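Q: The file below is upload-v5.cif, mmCIF, C-alpha atoms:
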```
data_my_file
loop_
_atom_site.label_atom_id
_atom_site.label_comp_id
_atom_site.auth_asym_id
_atom_site.auth_seq_id
_atom_site.Cartn_x
_atom_site.Cartn_y
_atom_site.Cartn_z
CA MET A 11 -213.53 127.47 237.28
CA ASP A 12 -209.87 127.06 238.18
CA PRO A 13 -207.67 127.58 235.05
CA LYS A 14 -205.59 124.46 235.87
CA VAL A 15 -208.72 122.27 236.03
CA LEU A 16 -210.03 123.81 232.81
CA LEU A 17 -206.69 123.17 231.07
CA LEU A 18 -206.57 119.58 232.31
CA PHE A 19 -210.17 118.97 231.24
CA SER A 20 -209.49 120.46 227.79
CA ALA A 21 -206.41 118.29 227.35
CA LEU A 22 -208.37 115.15 228.27
CA VAL A 23 -211.19 115.98 225.84
CA LEU A 24 -208.73 116.75 223.03
CA GLY A 25 -206.73 113.58 223.73
CA SER A 26 -209.86 111.45 223.71
CA ALA A 27 -211.02 113.00 220.45
CA LEU A 28 -207.66 112.38 218.80
CA ALA A 29 -207.50 108.78 220.00
CA PHE A 30 -211.03 108.14 218.75
CA SER A 31 -210.38 109.71 215.33
CA ILE A 32 -207.14 107.80 214.79
CA GLY A 33 -208.78 104.46 215.54
CA VAL A 34 -207.19 101.17 216.43
CA PRO A 35 -203.68 100.78 215.01
CA THR A 36 -203.25 97.90 212.59
CA ALA A 37 -200.34 96.06 211.08
CA GLN A 38 -200.95 95.96 207.32
CA CYS A 39 -199.36 94.67 204.14
CA ARG A 40 -200.13 95.08 200.44
CA VAL A 41 -198.60 93.02 197.62
CA ILE A 42 -199.31 93.11 193.89
CA TRP A 43 -198.67 90.09 191.69
CA ALA A 44 -198.81 89.77 187.91
CA PHE A 45 -199.15 86.50 186.01
CA GLY A 46 -199.03 85.61 182.33
CA ILE A 47 -201.76 83.01 182.84
CA PRO A 48 -205.53 83.59 183.04
CA CYS A 49 -206.93 84.88 186.34
CA ASP A 50 -209.33 81.91 186.41
CA GLU A 51 -206.36 79.57 186.82
CA VAL A 52 -204.68 81.77 189.45
CA TYR A 53 -207.97 82.04 191.35
CA ILE A 54 -208.49 78.25 191.42
CA ARG A 55 -204.95 77.64 192.62
CA VAL A 56 -205.21 80.23 195.41
CA VAL A 57 -208.54 78.81 196.66
CA SER A 58 -207.19 75.24 196.46
CA GLN A 59 -204.08 76.16 198.45
CA ILE A 60 -206.06 77.90 201.18
CA LYS A 61 -208.36 74.88 201.47
CA GLU A 62 -205.38 72.50 201.60
CA TRP A 63 -203.90 74.42 204.52
CA GLN A 64 -207.18 74.72 206.48
CA VAL A 65 -206.37 71.77 208.71
CA ALA A 66 -204.97 73.16 211.98
CA ALA A 67 -203.78 69.70 213.10
CA SER A 68 -201.07 69.79 210.42
CA CYS A 69 -199.34 72.78 212.05
CA GLY A 70 -196.92 70.56 213.92
CA TYR A 71 -194.84 69.92 210.81
CA THR A 72 -195.69 72.70 208.37
CA GLY A 73 -194.66 75.79 210.30
CA GLU A 74 -196.81 78.72 209.16
CA ASN A 75 -198.31 76.76 206.27
CA CYS A 76 -201.49 75.80 208.07
CA SER A 77 -204.45 77.35 209.90
CA TYR A 78 -205.83 79.16 206.87
CA GLU A 79 -209.58 79.56 206.59
CA LEU A 80 -211.51 80.42 203.47
CA VAL A 81 -214.05 83.08 204.46
CA SER A 82 -215.54 83.72 201.01
CA ALA A 83 -214.75 83.24 197.35
CA GLY A 84 -216.64 85.59 195.03
CA GLU A 85 -216.22 86.31 191.34
CA ASN A 86 -213.03 88.41 191.61
CA LEU A 87 -212.39 88.36 195.34
CA ILE A 88 -211.13 85.79 197.83
CA MET A 89 -211.26 86.53 201.54
CA ALA A 90 -209.51 84.31 204.08
CA THR A 91 -207.83 84.35 207.45
CA HIS A 92 -204.55 82.92 208.66
CA THR A 93 -203.88 82.24 212.33
CA SER A 94 -200.17 82.07 213.00
CA PRO A 95 -199.35 79.01 215.12
CA THR A 96 -196.26 80.91 216.31
CA THR A 97 -197.73 84.26 217.38
CA MET A 98 -201.45 83.30 217.44
CA SER A 99 -202.16 86.55 215.60
CA VAL A 100 -204.96 86.44 213.04
CA ASN A 101 -204.35 87.98 209.64
CA ASN A 102 -207.32 89.00 207.49
CA LEU A 103 -206.41 88.23 203.88
CA LYS A 104 -207.93 89.57 200.70
CA PHE A 105 -207.00 88.62 197.13
CA SER A 106 -208.56 90.81 194.39
CA PHE A 107 -208.31 89.70 190.74
CA ARG A 108 -208.31 91.77 187.58
CA GLN A 109 -207.75 90.36 184.11
CA THR A 110 -206.09 92.69 181.58
CA THR A 111 -203.34 91.61 179.20
CA VAL A 112 -202.00 89.88 182.32
CA CYS A 113 -203.70 88.66 185.47
CA LYS A 114 -203.22 91.23 188.24
CA VAL A 115 -203.78 90.16 191.83
CA LEU A 116 -203.82 92.61 194.72
CA GLY A 117 -203.18 90.97 198.08
CA ASP A 118 -203.98 92.72 201.35
CA SER A 119 -203.35 91.44 204.84
CA SER A 120 -204.04 93.14 208.13
CA CYS A 121 -203.77 92.29 211.79
CA GLU A 122 -205.75 94.54 214.11
CA VAL A 123 -203.88 93.81 217.30
CA SER A 124 -200.43 95.21 216.73
CA MET A 125 -198.15 97.63 214.90
CA ASN A 126 -195.18 95.32 215.56
CA PRO A 127 -193.07 94.88 212.37
CA ALA A 128 -192.87 91.16 213.17
CA ASP A 129 -196.64 90.99 212.63
CA ASN A 130 -196.11 92.68 209.29
CA THR A 131 -193.68 89.95 208.26
CA THR A 132 -196.42 87.50 209.25
CA ASN A 133 -198.87 89.56 207.20
CA TYR A 134 -196.57 89.38 204.19
CA CYS A 135 -195.78 85.69 204.63
CA SER A 136 -199.47 84.83 205.10
CA LEU A 137 -200.01 86.15 201.56
CA GLN A 138 -196.76 85.02 199.93
CA ASN A 139 -196.86 81.49 201.35
CA VAL A 140 -200.11 80.92 199.42
CA MET A 141 -198.29 81.89 196.21
CA ASN A 142 -195.32 79.69 197.11
CA GLY A 143 -197.43 76.70 198.16
CA SER A 144 -199.61 76.81 195.04
CA ASP A 145 -196.42 77.09 192.93
CA LEU A 146 -197.75 80.24 191.30
CA ILE A 147 -194.25 81.66 191.72
CA SER A 148 -193.29 79.36 188.82
CA ALA A 149 -196.18 80.51 186.61
CA VAL A 150 -195.43 82.17 183.29
CA GLY A 151 -194.92 85.92 183.72
CA TYR A 152 -194.85 85.83 187.54
CA LYS A 153 -193.85 89.17 189.05
CA GLN A 154 -194.26 90.49 192.57
CA TYR A 155 -194.41 94.15 193.59
CA SER A 156 -194.17 95.39 197.15
CA ASN A 157 -191.83 97.35 199.34
CA LYS A 158 -191.34 98.36 202.96
CA TRP A 159 -193.80 101.26 202.56
CA MET A 160 -196.60 99.10 201.18
CA CYS A 161 -195.78 96.39 203.70
CA VAL A 162 -193.85 97.46 206.79
CA GLY A 163 -191.52 94.59 207.63
CA TYR A 164 -191.42 93.36 204.01
CA ASP A 165 -187.67 93.90 203.90
CA LEU A 166 -187.28 91.75 207.05
CA ALA A 167 -189.50 88.87 205.95
CA ASN A 168 -188.18 85.32 205.60
CA CYS A 169 -191.02 83.15 204.31
CA THR A 170 -189.21 79.89 203.73
CA MET A 171 -191.53 76.92 203.50
CA SER A 172 -190.78 74.34 206.17
#
```
Written as structure tokens, how would this file's structure read?
A:
Amino acid sequence: MDPKVLLLFSALVLGSALAFSIGVPTAQCRVIWAFGIPCDEVYIRVVSQIKEWQVAASCGYTGENCSYELVSAGENLIMATHTSPTTMSVNNLKFSFRQTTVCKVLGDSSCEVSMNPADNTTNYCSLQNVMNGSDLISAVGYKQYSNKWMCVGYDLANCTMS
């Protein structure tokens, strides 16, 4: 076999293997919140806010604060989606709850279509807008932890409620 053909074939096989092992790139965001109120109360307020913003018809005047969908609500886990009316990207949201001396909530958001930092700001805002809308940001002991490594685009995000 011609060495050039063999080299080309080897490169194609190796490239395909690397692409397959890396998988589909995703835009992701992780935020941790702490509250000085019971997780039961935080949980109820998060579910209520997601349900309130489920109506897609309200997008005309609420900016990003619409088009949420509650996928499931288990004992310590809420799963939802948010479809951005601006970018039409769908963010998969997950809120995990753990009660210790404080209520700890881990929020994850991912969008499987892009690595664009703008999608990461949408990922972050899809999570944070639920906290803002439910007024959990005013709850006793509220603290938020994230950074641009946990959530690429976090430092660029502007999640003002409209």
Q: Identify which of the residues A:Leu146, A:Arg108, A:Asp50, A:Val140 lies closest to His92 of chain A, counting only C-alpha atoms when measuring atom-to-atom distances.
A: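 Closest candidate: A:Val140.
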Q: Would you compute the distance between atom CA of Gly163 of chain A and atom CA of Asn102 of chain A? Give it in Å to one decimal.
A: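 These atoms are spaced 16.8 Å apart.
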Q: For Gly117 of chain A, list every protein, DNA or RNA residue within 9 Å, evaluated using all atoms listed in the file, and leave out those in the same chain fewer than 5 positions away; present the list as a compact mmCIF listing (two decimals) with C-alpha atoms, in the frame of the given file.
A:
```txt
# COMPACT_ATOMS: atom_id res chain seq x y z
CA CYS A 39 -199.36 94.67 204.14
CA ARG A 40 -200.13 95.08 200.44
CA VAL A 41 -198.60 93.02 197.62
CA ILE A 42 -199.31 93.11 193.89
CA TRP A 43 -198.67 90.09 191.69
CA LEU A 103 -206.41 88.23 203.88
CA LYS A 104 -207.93 89.57 200.70
CA PHE A 105 -207.00 88.62 197.13
CA SER A 106 -208.56 90.81 194.39
CA LEU A 137 -200.01 86.15 201.56
CA GLN A 138 -196.76 85.02 199.93
```
Q: Pull the neighbourhood of (-198.8, 79.5, 191.6) for me: all residues within 10 Å in file coordinates, counting all atoms listed in the file, as a list of chain:residue names.
A: A:Phe45, A:Ile47, A:Glu51, A:Val52, A:Tyr53, A:Ile54, A:Arg55, A:Val56, A:Gln59, A:Val140, A:Met141, A:Asn142, A:Gly143, A:Ser144, A:Asp145, A:Leu146, A:Ile147, A:Ser148, A:Ala149, A:Val150, A:Tyr152
Q: List, as a PDB file with C-alpha atoms, keeping the file's coordinate frame, every residue that the PyMOL selection byres ((chain A and resi 168) around 8) selects in the file provided.
A:
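Saved file out.pdb follows:
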```pdb
ATOM      1  CA  THR A 131    -193.680  89.950 208.260  1.00  0.00           C
ATOM      2  CA  CYS A 135    -195.780  85.690 204.630  1.00  0.00           C
ATOM      3  CA  LEU A 166    -187.280  91.750 207.050  1.00  0.00           C
ATOM      4  CA  ALA A 167    -189.500  88.870 205.950  1.00  0.00           C
ATOM      5  CA  CYS A 169    -191.020  83.150 204.310  1.00  0.00           C
ATOM      6  CA  THR A 170    -189.210  79.890 203.730  1.00  0.00           C
TER       7      THR A 170
END
```
Q: In terms of the shortest atom-to-atom distance over all atoms listed in the file, which of A:Ser120, A:Ser58, A:Ser94, A:Asn101 is closest to Ala37 of chain A?
A: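 Nearest candidate to Ala37 of chain A out of A:Ser120, A:Ser58, A:Ser94, A:Asn101: A:Ser120.
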Q: Given the file shown, enumerate the residues that the PyMOL selection byres ((chain A and resi 61) around 10) captures and present them as a list in words.
A: Arg55, Val56, Val57, Ser58, Gln59, Ile60, Glu62, Trp63, Gln64, Val65, Cys76, Ser77, Tyr78, Glu79, Leu80 and Ala90 of chain A
Q: Just the number, please: distance in Å from atom CA of Cys161 of chain A to atom CA of Asn133 of chain A, one decimal.
A: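 Value for the atom CA of Cys161 of chain A-atom CA of Asn133 of chain A distance: 8.3 Å.
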Q: For Leu87 of chain A, which residue among A:Ala44, A:Val162, A:Leu116, A:Val100 is the nearest when counting all atoms listed in the file?
A: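 Once distances to Leu87 of chain A are computed over all atoms listed in the file, the minimum belongs to A:Leu116.
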Q: Please compute the atom CA of Glu85 of chain A-atom CA of Tyr134 of chain A distance, one decimal, in Å.
A: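 We find that atom CA of Glu85 of chain A and atom CA of Tyr134 of chain A lie 23.7 Å from each other.
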Q: Name the residues captured by the PyMOL selection byres ((chain A and resi 97) around 10) when it is applied to the shown file; answer as a PyMOL selection string.
A: chain A and resi 74+93-96+98-100+128-129+132
